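Colleague: The structure follows.
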Amino acid sequence: SPQEMVKRNYIFDTIKVVFQRYGYLPIETPAMENLETLMGKYGDEGDKLIFKILNSGEYLEPLKSKMGYRVKKLLSNEIKVGDKITPEFAETFFSVEFYKNFIEDLQVNLVTKDISEKALKYDLTVPFARYVVQHQHEITFPFKRYQIQPVWRADRPQKGRYREFYQCDADVIGSNSLINEVELVQMIDDVFTQLKVPVLIKINNRKILSGIAEVIGEKDKIVTITVAIDKLDKIGADGVNKELQENNVSADAIKKLQPLIEFKGSTLEKLNFLKQLLAGSEIGLKGIQEIEYIFKTVSQISDLKSQIELDITLARGLNYYTGAIFEIKANVGTLTSSICGGGRYDDLTGVFGLPNMSGVGISFGADRIYDVLNELNLYPPSVAASTKLLFVSFGEKEQEYCLPLLAKVRKAGINSEIYPDAGAKMKKQMSYADDKKIPFVVIVGSDEMQSGSLTLKNMTSGEQEKIGIEKIIYKLKAN
């Protein structure tokens, strides 16, 4: 609706201004990507949420050779409307055993590529990596880009979770410098300070998580461990341990993991704890070094309004992260899910043929931010009122008198309109201004036409004054 769009555009415009302030330029990528571009980049759980697009045209014939007897008979239309179903026929085609065999014969994962070659994009980062490889000879590196576009996930809709939603991404690729991570923290703080939302910025490093997997003796199960740990705030320590057990992580490794899950303390205390825990892991110590640099540099160059902390259980489920990871949650309101997140990926472009191209980025969830601003009523009054001035009149002559004045006001850059039905009751015209939350109304009758002084009414205070059009323009531009 218009009311929702002006609020959404306020969020987009606020984020866009910050992106541009830090040197990021806009691009767009298509709604659809090749399925092979997306699959395998988000982990098993993420892959299940990709919306696959069915191929157009004849795609069933090639499948019949891959399917079992019952499926072939079903696809060849042996069951038709009006057929007489005998008990034997029903037993063959409609038994529980038939449906069990049908599912087994179909083997969805094996035939997906035959029926679907495209998918709706799951996020903006993987298509961005594909874009960078495709346009590598046209790009100046380090390449800083932002995108504000919808993405799609085949998820169960609920508060804060949607099947179609907007992401506002900023990524820099072609640089290993941790200065980029520092600037992302500053950008996050700038955006939420302007939106007046107090947030908690959580930071961790995937190298630290790799080091943890290494020291507890489960180096090969890093993905399993990170996926489980990432759910700690949702399912608790017992739930995490149960999931680890179900995925064949050894009891000894789970026991060694408990001090990490249970540890509480300041950022400094967490760093000291990690240095002891990961003393024998080169990659883990590298992650600690990177985290220390980010926290130290941010504290030296920036007076952050947002709270920032090291969260040693933060994992983020996306497989492509390799370094620093970020997750941002609102410190107010009832929405507990993340409203922004991101991280460093060292070789996402490598899968598309351009190796050793490190990048880092963040993504603002516009729809979740929208929910937070709505709940806390944090939109400025000007957002609801896209029109600043309404001309109302008592008849056709008065309306004709208003038209050149209206044009003059618009040329001065003031959003304004005229009530189109000449002679409509004044109450109806003023109700129109109230309903649209238009803050100022110019009333024009015969007296105003003769004197040239127009009646300007402030719809908030109810105050009225008679002034000329030039003074009205000056007053409204100053407001």
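Each chain of the structure tokens is named A, B, ... in the order shown, its residues numbered from 1; ligands are numbered from 1 in display order.
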Within 6 Å of range 143-150 of chain A, counting only C-alpha atoms, which residues qualify if same-chain residues fewer than 6 places away don't, as a PyMOL selection string?
Modeller: chain A and resi 24-27+165-173
Colleague: Write a file of the just-selected residues containing N, CA, C and O atoms, as an mmCIF file, in the first residue's frame.
Modeller:
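After the write, part-v7.cif holds the following:
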data_model
loop_
_atom_site.group_PDB
_atom_site.id
_atom_site.type_symbol
_atom_site.label_atom_id
_atom_site.label_comp_id
_atom_site.auth_asym_id
_atom_site.auth_seq_id
_atom_site.Cartn_x
_atom_site.Cartn_y
_atom_site.Cartn_z
ATOM 1 N N TYR A 24 30.246 3.087 -2.117
ATOM 2 C CA TYR A 24 29.648 1.929 -2.782
ATOM 3 C C TYR A 24 28.748 2.377 -3.934
ATOM 4 O O TYR A 24 28.062 3.398 -3.840
ATOM 5 N N LEU A 25 28.772 1.606 -5.027
ATOM 6 C CA LEU A 25 28.006 1.932 -6.235
ATOM 7 C C LEU A 25 26.938 0.859 -6.481
ATOM 8 O O LEU A 25 27.151 -0.316 -6.171
ATOM 9 N N PRO A 26 25.793 1.238 -7.090
ATOM 10 C CA PRO A 26 24.703 0.270 -7.247
ATOM 11 C C PRO A 26 24.850 -0.631 -8.474
ATOM 12 O O PRO A 26 25.337 -0.205 -9.517
ATOM 13 N N ILE A 27 24.433 -1.893 -8.327
ATOM 14 C CA ILE A 27 24.234 -2.790 -9.469
ATOM 15 C C ILE A 27 22.922 -3.541 -9.227
ATOM 16 O O ILE A 27 22.328 -3.455 -8.144
ATOM 17 N N PHE A 165 11.346 -11.217 0.314
ATOM 18 C CA PHE A 165 11.711 -10.077 1.145
ATOM 19 C C PHE A 165 12.887 -9.337 0.511
ATOM 20 O O PHE A 165 13.576 -9.865 -0.363
ATOM 21 N N TYR A 166 13.084 -8.121 0.942
ATOM 22 C CA TYR A 166 14.146 -7.280 0.391
ATOM 23 C C TYR A 166 15.415 -7.378 1.234
ATOM 24 O O TYR A 166 15.352 -7.372 2.465
ATOM 25 N N GLN A 167 16.536 -7.473 0.546
ATOM 26 C CA GLN A 167 17.839 -7.341 1.194
ATOM 27 C C GLN A 167 18.524 -6.078 0.670
ATOM 28 O O GLN A 167 18.363 -5.716 -0.500
ATOM 29 N N CYS A 168 19.257 -5.435 1.547
ATOM 30 C CA CYS A 168 20.037 -4.249 1.193
ATOM 31 C C CYS A 168 21.497 -4.600 1.475
ATOM 32 O O CYS A 168 21.931 -4.573 2.631
ATOM 33 N N ASP A 169 22.227 -4.952 0.425
ATOM 34 C CA ASP A 169 23.583 -5.489 0.562
ATOM 35 C C ASP A 169 24.649 -4.479 0.187
ATOM 36 O O ASP A 169 24.474 -3.697 -0.764
ATOM 37 N N ALA A 170 25.750 -4.526 0.904
ATOM 38 C CA ALA A 170 26.966 -3.796 0.522
ATOM 39 C C ALA A 170 28.137 -4.758 0.639
ATOM 40 O O ALA A 170 28.320 -5.392 1.685
ATOM 41 N N ASP A 171 28.895 -4.916 -0.444
ATOM 42 C CA ASP A 171 30.056 -5.812 -0.449
ATOM 43 C C ASP A 171 31.244 -5.111 -1.083
ATOM 44 O O ASP A 171 31.085 -4.319 -2.025
ATOM 45 N N VAL A 172 32.443 -5.427 -0.585
ATOM 46 C CA VAL A 172 33.675 -5.004 -1.254
ATOM 47 C C VAL A 172 34.461 -6.274 -1.560
ATOM 48 O O VAL A 172 34.649 -7.122 -0.687
ATOM 49 N N ILE A 173 34.882 -6.415 -2.801
ATOM 50 C CA ILE A 173 35.578 -7.627 -3.227
ATOM 51 C C ILE A 173 36.886 -7.258 -3.907
ATOM 52 O O ILE A 173 36.981 -6.216 -4.574
#
Colleague: Please report the interatomic distance between CA of Leu389 in chain A and CA of Ile469 in chain A in Å with one decimal.
Modeller: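 Computed distance, CA of Leu389 in chain A to CA of Ile469 in chain A, equals 11.9 Å.
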Colleague: Pull the helix (DSSP H, G or I) assignments for range 305-457 of chain A out of DSSP run on the backbone, and list those residues as a PyMOL selection string.
Modeller: chain A and resi 348-352+366-376+381-384+396-411+426-435+446-451
Colleague: Kindly indicate which residue among A:Pro157, A:Gly174, A:Pro127, A:Gly287 lies nearest to Asn205 in chain A, using only C-alpha atoms for the distances.
Modeller: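 Smallest separation from Asn205 in chain A among the options: A:Gly287.
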Colleague: Hey, which of A:Ile15, A:Ala478, A:Val132, A:Ile225 ends up closest to Thr313 in chain A? Count only C-alpha atoms.
Modeller: A:Ile225
Colleague: Point out the residue among A:Gly280, A:Gly452, A:Pro381, A:Gly365 with the least atom-to-atom distance to Tyr162 in chain A, counting only C-alpha atoms.
Modeller: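 The answer is A:Gly365, which sits nearest to Tyr162 in chain A.
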Colleague: For a test of reading the model, state the distance in Å between CA of Ile443 in chain A and CA of Lys408 in chain A, rounded to one decimal.
Modeller: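 It comes out at 16.2 Å.
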Colleague: Enumerate the residues of range 174-404 of chain A with a DSSP assignment of strand (DSSP E or B), computed from the backbone, and present them as a PyMOL selection string.
Modeller: chain A and resi 199-205+307-310+324-330+340-345+359-365+389-393
Colleague: Which one of A:Glu183, A:Glu4, A:Glu398, A:Asp311 sits closest to Asn204 in chain A if you count only C-alpha atoms?
Modeller: A:Asp311
Colleague: Identify, on the basis of only C-alpha atoms, every residue whose closest approach to range 214-217 of chain A does not exceed 8 Å; exclude the query and any residue fewer than 6 positions from it along the same chain; express the result as a list in words.
Modeller: Asp252, Ala253, Ile254, Lys256, Leu257, Leu277, Leu278, Gly280 and Ser281 of chain A
Colleague: Choose the residue, out of A:Ile115, A:Lys16, A:Tyr122, A:Glu33, that has the smallest atom-to-atom separation from Lys48 in chain A; count only C-alpha atoms.
Modeller: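 Among the listed residues, A:Tyr122 lies closest to Lys48 in chain A.
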Colleague: Interatomic distance between CA of Val298 in chain A and CA of Val227 in chain A?
Modeller: 28.5 Å
Colleague: For each of A:Gly236, A:Gly343, A:Pro142, A:Gly323, take the minimum atom-to-atom distance to Ser210 in chain A, counting only C-alpha atoms, then give the residue where this is smallest.
Modeller: A:Gly323
Colleague: At a cut-off of 10 Å, using only C-alpha atoms, what residues contact range 184-199 of chain A? Leave out same-chain residues fewer than 6 positions from it and give the result as a PyMOL selection string.
Modeller: chain A and resi 10-11+14-19+21-22+170-172+178+294-295+298+301-308+326+328-333+339-343+360-364+369+372-373+376+378-380
Colleague: Would you export the selected residues with C-alpha atoms as a compact mmCIF listing (two decimals), in the first residue's frame, please?
Modeller:
# COMPACT_ATOMS: atom_id res chain seq x y z
CA TYR A 10 12.42 5.73 3.95
CA ILE A 11 14.41 2.64 5.03
CA THR A 14 18.47 5.91 4.66
CA ILE A 15 20.57 2.81 3.90
CA LYS A 16 21.40 3.96 0.36
CA VAL A 17 22.76 7.31 1.58
CA VAL A 18 25.12 5.52 4.01
CA PHE A 19 26.27 3.07 1.32
CA ARG A 21 28.87 7.87 1.71
CA TYR A 22 31.37 5.00 2.00
CA ALA A 170 26.97 -3.80 0.52
CA ASP A 171 30.06 -5.81 -0.45
CA VAL A 172 33.67 -5.00 -1.25
CA LEU A 178 40.48 -5.80 7.64
CA ILE A 294 38.70 -5.17 14.37
CA PHE A 295 37.78 -4.38 17.98
CA VAL A 298 36.89 0.39 15.80
CA ILE A 301 38.60 5.66 15.20
CA SER A 302 34.93 5.63 15.92
CA ASP A 303 32.56 6.67 18.68
CA LEU A 304 29.96 3.97 18.08
CA LYS A 305 26.41 4.53 19.32
CA SER A 306 25.69 0.80 18.97
CA GLN A 307 26.69 -1.91 21.43
CA ILE A 308 29.36 -4.28 20.07
CA PHE A 326 28.49 -10.27 11.86
CA ILE A 328 22.93 -7.52 14.37
CA LYS A 329 19.87 -7.64 16.60
CA ALA A 330 17.60 -4.85 17.81
CA ASN A 331 18.05 -4.02 21.50
CA VAL A 332 14.38 -2.99 21.71
CA GLY A 333 11.02 -4.42 20.68
CA ILE A 339 17.93 -7.67 11.26
CA CYS A 340 21.35 -7.46 9.62
CA GLY A 341 24.28 -9.81 9.07
CA GLY A 342 27.27 -10.62 6.94
CA GLY A 343 30.86 -11.73 6.83
CA VAL A 360 33.36 -9.09 2.71
CA GLY A 361 29.86 -7.69 3.00
CA ILE A 362 26.74 -7.07 5.04
CA SER A 363 23.03 -7.41 4.34
CA PHE A 364 20.26 -5.35 5.96
CA ILE A 369 13.74 -3.41 10.04
CA VAL A 372 10.90 -2.97 14.24
CA LEU A 373 10.22 0.63 13.16
CA LEU A 376 8.32 1.22 18.02
CA LEU A 378 10.08 5.34 14.87
CA TYR A 379 9.15 6.83 11.50
CA PRO A 380 9.51 10.62 11.39
Colleague: Could you list, as a list in words, every residue within 12 Å of Gln3 in chain A, counting only C-alpha atoms and ignoring same-chain residues fewer than 3 positions away?
Modeller: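 Skipping anything fewer than 3 positions along the chain leaves Val6, Lys7, Arg8, Asn9, Tyr10, Asn374, Tyr379, Val383, Ala384, Ala385, Ser386, Asp435, Lys436 and Lys437 of chain A.
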